[in-house]
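Presented below is the structure to which this report refers.
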Amino acid sequence: MPVRRLLPLLLALVACDKPASGRGNAACGLAALAGPTALLTQFSVPRQTLSTPPRNLPERLVARVVAGPALPAIVGRTDSLLVIGVEGTIPPATKPGYGVLVLDTTEKARGVMLFEGIPVEGAPTIGTVTVGDATLPLIGIQLDPSRIEDPHCPFFPDSVLP
């Protein structure tokens, strides 16, 4: 019975896709949901979870709320931990619980993904993320972005940064 209810929704999403001009909103919408889930599964892969903050980060990064907006963020440090400050407003119903710093295999920072809930069990805290008046734990991962992201629908678009 639940599959019957889901099928019309999936068909409507596929119908909204724009195949002639690359990826449409439906494909990117599905990627925005599936990618963050895939990101969390990558914490079970050995030697991808960061145990310490990376040394070299840009002054600004893109922060993305799961299935939500991308916002600019400022990067700082206190002693040996990172401090990320997200600029802008997240949707009112969103209650982020932690952030994930994403690095690619060359150690280039891709951005910070903001998740609801509690951080991945066993992942060391490498800093904090401030979103509005909330300060959240920051964990990190280094991986091949093609495992989690559709290249036509980037999680962390440079166009968000000033």
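Within each chain, counting starts at residue 1; across the structure tokens, chains are named A, B, ... in the order shown, with ligands numbered 1 upward in that order.
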
Point to revise | strand (DSSP E or B) positions in stretch 6-140 of chain A, given as a VMD selection string | key: chain A and resid 49 60 to 65 70 to 78 81 to 86 96 to 103 109 to 116 127 to 131 134 to 140

Residues near stretch 66-80 of chain A, cut-off 10 Å, only C-alpha atoms, skip fewer than 4 positions along chain, as a PDB file with N, CA and C atoms, in the first residue's frame:
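Result file follows (out-v2.pdb):
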```pdb
ATOM      1  N   CYS A  28      17.873  17.090  -9.064  1.00  0.00           N
ATOM      2  CA  CYS A  28      18.671  17.719  -8.013  1.00  0.00           C
ATOM      3  C   CYS A  28      17.993  17.575  -6.648  1.00  0.00           C
ATOM      4  N   GLY A  29      16.672  17.589  -6.633  1.00  0.00           N
ATOM      5  CA  GLY A  29      15.949  17.384  -5.385  1.00  0.00           C
ATOM      6  C   GLY A  29      16.201  15.993  -4.811  1.00  0.00           C
ATOM      7  N   LEU A  30      16.174  14.998  -5.680  1.00  0.00           N
ATOM      8  CA  LEU A  30      16.470  13.632  -5.229  1.00  0.00           C
ATOM      9  C   LEU A  30      17.917  13.518  -4.767  1.00  0.00           C
ATOM     10  N   ALA A  31      18.840  14.157  -5.499  1.00  0.00           N
ATOM     11  CA  ALA A  31      20.256  14.132  -5.116  1.00  0.00           C
ATOM     12  C   ALA A  31      20.466  14.826  -3.771  1.00  0.00           C
ATOM     13  N   ALA A  32      19.693  15.887  -3.510  1.00  0.00           N
ATOM     14  CA  ALA A  32      19.815  16.622  -2.249  1.00  0.00           C
ATOM     15  C   ALA A  32      19.390  15.780  -1.053  1.00  0.00           C
ATOM     16  N   LEU A  33      18.549  14.784  -1.289  1.00  0.00           N
ATOM     17  CA  LEU A  33      18.130  13.883  -0.211  1.00  0.00           C
ATOM     18  C   LEU A  33      19.034  12.664  -0.105  1.00  0.00           C
ATOM     19  N   ALA A  34      19.375  12.083  -1.249  1.00  0.00           N
ATOM     20  CA  ALA A  34      20.176  10.851  -1.255  1.00  0.00           C
ATOM     21  C   ALA A  34      21.640  11.112  -0.905  1.00  0.00           C
ATOM     22  N   GLY A  35      22.189  12.225  -1.368  1.00  0.00           N
ATOM     23  CA  GLY A  35      23.604  12.525  -1.136  1.00  0.00           C
ATOM     24  C   GLY A  35      23.983  12.630   0.324  1.00  0.00           C
ATOM     25  N   PRO A  36      23.254  13.404   1.125  1.00  0.00           N
ATOM     26  CA  PRO A  36      23.596  13.489   2.551  1.00  0.00           C
ATOM     27  C   PRO A  36      23.488  12.145   3.271  1.00  0.00           C
ATOM     28  N   THR A  37      22.537  11.329   2.879  1.00  0.00           N
ATOM     29  CA  THR A  37      22.436   9.985   3.469  1.00  0.00           C
ATOM     30  C   THR A  37      23.677   9.173   3.116  1.00  0.00           C
ATOM     31  N   THR A  52      41.436  15.030  13.479  1.00  0.00           N
ATOM     32  CA  THR A  52      41.876  16.375  13.829  1.00  0.00           C
ATOM     33  C   THR A  52      41.448  17.332  12.716  1.00  0.00           C
ATOM     34  N   PRO A  53      41.348  18.614  13.030  1.00  0.00           N
ATOM     35  CA  PRO A  53      40.974  19.577  11.995  1.00  0.00           C
ATOM     36  C   PRO A  53      42.074  19.681  10.934  1.00  0.00           C
ATOM     37  N   PRO A  54      41.697  19.882   9.694  1.00  0.00           N
ATOM     38  CA  PRO A  54      42.715  20.084   8.664  1.00  0.00           C
ATOM     39  C   PRO A  54      43.463  21.395   8.913  1.00  0.00           C
ATOM     40  N   ARG A  55      44.707  21.439   8.471  1.00  0.00           N
ATOM     41  CA  ARG A  55      45.532  22.634   8.688  1.00  0.00           C
ATOM     42  C   ARG A  55      45.112  23.795   7.796  1.00  0.00           C
ATOM     43  N   LEU A  57      42.541  25.649   5.517  1.00  0.00           N
ATOM     44  CA  LEU A  57      41.165  25.857   5.083  1.00  0.00           C
ATOM     45  C   LEU A  57      41.044  27.282   4.569  1.00  0.00           C
ATOM     46  N   PRO A  58      40.158  27.494   3.611  1.00  0.00           N
ATOM     47  CA  PRO A  58      39.936  28.872   3.168  1.00  0.00           C
ATOM     48  C   PRO A  58      39.235  29.668   4.263  1.00  0.00           C
ATOM     49  N   GLU A  59      39.229  30.986   4.111  1.00  0.00           N
ATOM     50  CA  GLU A  59      38.563  31.842   5.094  1.00  0.00           C
ATOM     51  C   GLU A  59      37.052  31.716   5.033  1.00  0.00           C
ATOM     52  N   ARG A  60      36.535  31.282   3.872  1.00  0.00           N
ATOM     53  CA  ARG A  60      35.094  31.152   3.686  1.00  0.00           C
ATOM     54  C   ARG A  60      34.791  29.804   3.054  1.00  0.00           C
ATOM     55  N   LEU A  61      33.667  29.228   3.469  1.00  0.00           N
ATOM     56  CA  LEU A  61      33.165  27.966   2.923  1.00  0.00           C
ATOM     57  C   LEU A  61      31.665  28.111   2.675  1.00  0.00           C
ATOM     58  N   VAL A  62      31.126  27.119   1.994  1.00  0.00           N
ATOM     59  CA  VAL A  62      29.675  27.038   1.820  1.00  0.00           C
ATOM     60  C   VAL A  62      29.153  26.027   2.835  1.00  0.00           C
ATOM     61  N   ILE A  84      33.252  27.454  12.800  1.00  0.00           N
ATOM     62  CA  ILE A  84      32.586  27.825  11.553  1.00  0.00           C
ATOM     63  C   ILE A  84      31.352  28.644  11.911  1.00  0.00           C
ATOM     64  N   GLY A  85      31.218  29.813  11.309  1.00  0.00           N
ATOM     65  CA  GLY A  85      30.052  30.653  11.538  1.00  0.00           C
ATOM     66  C   GLY A  85      29.225  30.750  10.269  1.00  0.00           C
ATOM     67  N   VAL A  86      28.012  30.242  10.306  1.00  0.00           N
ATOM     68  CA  VAL A  86      27.124  30.263   9.141  1.00  0.00           C
ATOM     69  C   VAL A  86      26.408  31.603   9.092  1.00  0.00           C
ATOM     70  N   GLU A  87      26.458  32.240   7.930  1.00  0.00           N
ATOM     71  CA  GLU A  87      25.785  33.525   7.736  1.00  0.00           C
ATOM     72  C   GLU A  87      24.436  33.285   7.071  1.00  0.00           C
ATOM     73  N   GLY A  88      23.463  34.074   7.430  1.00  0.00           N
ATOM     74  CA  GLY A  88      22.147  33.919   6.818  1.00  0.00           C
ATOM     75  C   GLY A  88      21.205  33.162   7.725  1.00  0.00           C
ATOM     76  N   THR A  89      20.007  32.953   7.222  1.00  0.00           N
ATOM     77  CA  THR A  89      18.945  32.336   7.999  1.00  0.00           C
ATOM     78  C   THR A  89      18.553  30.998   7.395  1.00  0.00           C
ATOM     79  N   ILE A  90      18.423  30.000   8.255  1.00  0.00           N
ATOM     80  CA  ILE A  90      17.952  28.694   7.804  1.00  0.00           C
ATOM     81  C   ILE A  90      16.429  28.649   7.929  1.00  0.00           C
ATOM     82  N   PRO A  91      15.783  27.707   7.245  1.00  0.00           N
ATOM     83  CA  PRO A  91      14.320  27.601   7.361  1.00  0.00           C
ATOM     84  C   PRO A  91      13.903  27.436   8.826  1.00  0.00           C
ATOM     85  N   THR A  94      13.747  24.008  10.567  1.00  0.00           N
ATOM     86  CA  THR A  94      14.985  23.230  10.595  1.00  0.00           C
ATOM     87  C   THR A  94      15.683  23.410  11.935  1.00  0.00           C
ATOM     88  N   PRO A  96      19.122  22.126  13.136  1.00  0.00           N
ATOM     89  CA  PRO A  96      20.360  21.364  12.962  1.00  0.00           C
ATOM     90  C   PRO A  96      20.944  20.927  14.294  1.00  0.00           C
ATOM     91  N   GLY A 111      32.976  21.953   1.814  1.00  0.00           N
ATOM     92  CA  GLY A 111      31.953  22.702   2.518  1.00  0.00           C
ATOM     93  C   GLY A 111      31.546  21.995   3.795  1.00  0.00           C
ATOM     94  N   VAL A 112      30.482  22.512   4.407  1.00  0.00           N
ATOM     95  CA  VAL A 112      29.947  21.948   5.647  1.00  0.00           C
ATOM     96  C   VAL A 112      28.483  21.594   5.421  1.00  0.00           C
ATOM     97  N   MET A 113      28.128  20.350   5.708  1.00  0.00           N
ATOM     98  CA  MET A 113      26.744  19.894   5.616  1.00  0.00           C
ATOM     99  C   MET A 113      26.151  19.923   7.017  1.00  0.00           C
ATOM    100  N   LEU A 114      24.974  20.533   7.157  1.00  0.00           N
ATOM    101  CA  LEU A 114      24.292  20.644   8.451  1.00  0.00           C
ATOM    102  C   LEU A 114      23.173  19.613   8.546  1.00  0.00           C
ATOM    103  N   PHE A 115      23.257  18.758   9.547  1.00  0.00           N
ATOM    104  CA  PHE A 115      22.295  17.672   9.762  1.00  0.00           C
ATOM    105  C   PHE A 115      21.497  17.909  11.029  1.00  0.00           C
ATOM    106  N   GLU A 116      20.283  17.400  11.049  1.00  0.00           N
ATOM    107  CA  GLU A 116      19.500  17.350  12.277  1.00  0.00           C
ATOM    108  C   GLU A 116      19.918  16.096  13.029  1.00  0.00           C
ATOM    109  N   ILE A 126      35.837  18.004  15.788  1.00  0.00           N
ATOM    110  CA  ILE A 126      37.000  18.773  15.337  1.00  0.00           C
ATOM    111  C   ILE A 126      36.751  20.276  15.445  1.00  0.00           C
ATOM    112  N   GLY A 127      35.607  20.657  15.990  1.00  0.00           N
ATOM    113  CA  GLY A 127      35.292  22.060  16.144  1.00  0.00           C
ATOM    114  C   GLY A 127      33.819  22.271  16.396  1.00  0.00           C
ATOM    115  N   THR A 128      33.373  23.507  16.098  1.00  0.00           N
ATOM    116  CA  THR A 128      31.966  23.861  16.277  1.00  0.00           C
ATOM    117  C   THR A 128      31.456  24.613  15.060  1.00  0.00           C
ATOM    118  N   VAL A 129      30.139  24.587  14.899  1.00  0.00           N
ATOM    119  CA  VAL A 129      29.454  25.356  13.865  1.00  0.00           C
ATOM    120  C   VAL A 129      28.402  26.198  14.575  1.00  0.00           C
ATOM    121  N   THR A 130      28.402  27.488  14.292  1.00  0.00           N
ATOM    122  CA  THR A 130      27.388  28.367  14.862  1.00  0.00           C
ATOM    123  C   THR A 130      26.376  28.689  13.779  1.00  0.00           C
ATOM    124  N   VAL A 131      25.109  28.369  14.076  1.00  0.00           N
ATOM    125  CA  VAL A 131      23.997  28.632  13.166  1.00  0.00           C
ATOM    126  C   VAL A 131      22.967  29.418  13.961  1.00  0.00           C
ATOM    127  N   PHE A 155      26.545  20.247  -3.908  1.00  0.00           N
ATOM    128  CA  PHE A 155      26.085  20.587  -2.559  1.00  0.00           C
ATOM    129  C   PHE A 155      26.586  21.966  -2.149  1.00  0.00           C
ATOM    130  N   PHE A 156      27.811  22.284  -2.556  1.00  0.00           N
ATOM    131  CA  PHE A 156      28.503  23.472  -2.071  1.00  0.00           C
ATOM    132  C   PHE A 156      28.873  24.397  -3.232  1.00  0.00           C
ATOM    133  N   PRO A 157      27.894  25.062  -3.852  1.00  0.00           N
ATOM    134  CA  PRO A 157      28.185  25.896  -5.022  1.00  0.00           C
ATOM    135  C   PRO A 157      29.000  27.151  -4.655  1.00  0.00           C
ATOM    136  N   ASP A 158      30.075  27.393  -5.410  1.00  0.00           N
ATOM    137  CA  ASP A 158      30.911  28.578  -5.188  1.00  0.00           C
ATOM    138  C   ASP A 158      30.122  29.873  -5.335  1.00  0.00           C
ATOM    139  N   SER A 159      29.046  29.833  -6.088  1.00  0.00           N
ATOM    140  CA  SER A 159      28.256  31.039  -6.326  1.00  0.00           C
ATOM    141  C   SER A 159      27.632  31.611  -5.053  1.00  0.00           C
ATOM    142  N   VAL A 160      27.609  30.832  -3.975  1.00  0.00           N
ATOM    143  CA  VAL A 160      27.044  31.289  -2.701  1.00  0.00           C
ATOM    144  C   VAL A 160      28.007  32.248  -1.994  1.00  0.00           C
ATOM    145  N   LEU A 161      29.293  32.080  -2.271  1.00  0.00           N
ATOM    146  CA  LEU A 161      30.284  32.906  -1.581  1.00  0.00           C
ATOM    147  C   LEU A 161      30.400  34.284  -2.216  1.00  0.00           C
ATOM    148  N   PRO A 162      30.592  35.315  -1.369  1.00  0.00           N
ATOM    149  CA  PRO A 162      30.725  36.675  -1.916  1.00  0.00           C
ATOM    150  C   PRO A 162      32.045  36.867  -2.644  1.00  0.00           C
TER     151      PRO A 162
END
```

Review point. For A:Asp144, which residue among A:Asn25, A:Lys95, A:Gln48, A:Ala63 is the nearest when counting only C-alpha atoms?
Key: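 Of the candidates, the smallest distance to A:Asp144 is held by A:Gln48.
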
**Study point:** Who sits within 10 Å of A:Gly122, only C-alpha atoms, same chain under 5 positions skipped, as a ChimeraX atom specification
**Key:** /A:43-44,49,139

Exercise for review: Return the single residue from A:Ile118, A:Ala27, A:Val100, A:Val83 that is closest to A:Val65, with distances computed using only C-alpha atoms.
Suggested key: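 Of all the options, A:Val100 lies closest to A:Val65.
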
Review point. In terms of the shortest atom-to-atom distance over only C-alpha atoms, which of A:Arg147, A:Glu107, A:Thr135, A:Leu82 is closest to A:Val45?
Key: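 Ranked by minimum distance to A:Val45, first place goes to A:Arg147.
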
Point to revise | Per-residue DSSP, chain A, filtered to alpha helix (DSSP H), as an NGL selection string | key: :A and (2-15 or 25-41)

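The space between atom CA of A:Asp133 and atom CA of A:Ser51 spans 26.4 Å.
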
**Study point:** Pick from A:Ala38, A:Arg64, A:Gly140, A:Ala109, whichever lies nearest to A:Pro124 using only C-alpha atoms
**Key:**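 The answer is A:Gly140, which sits nearest to A:Pro124.
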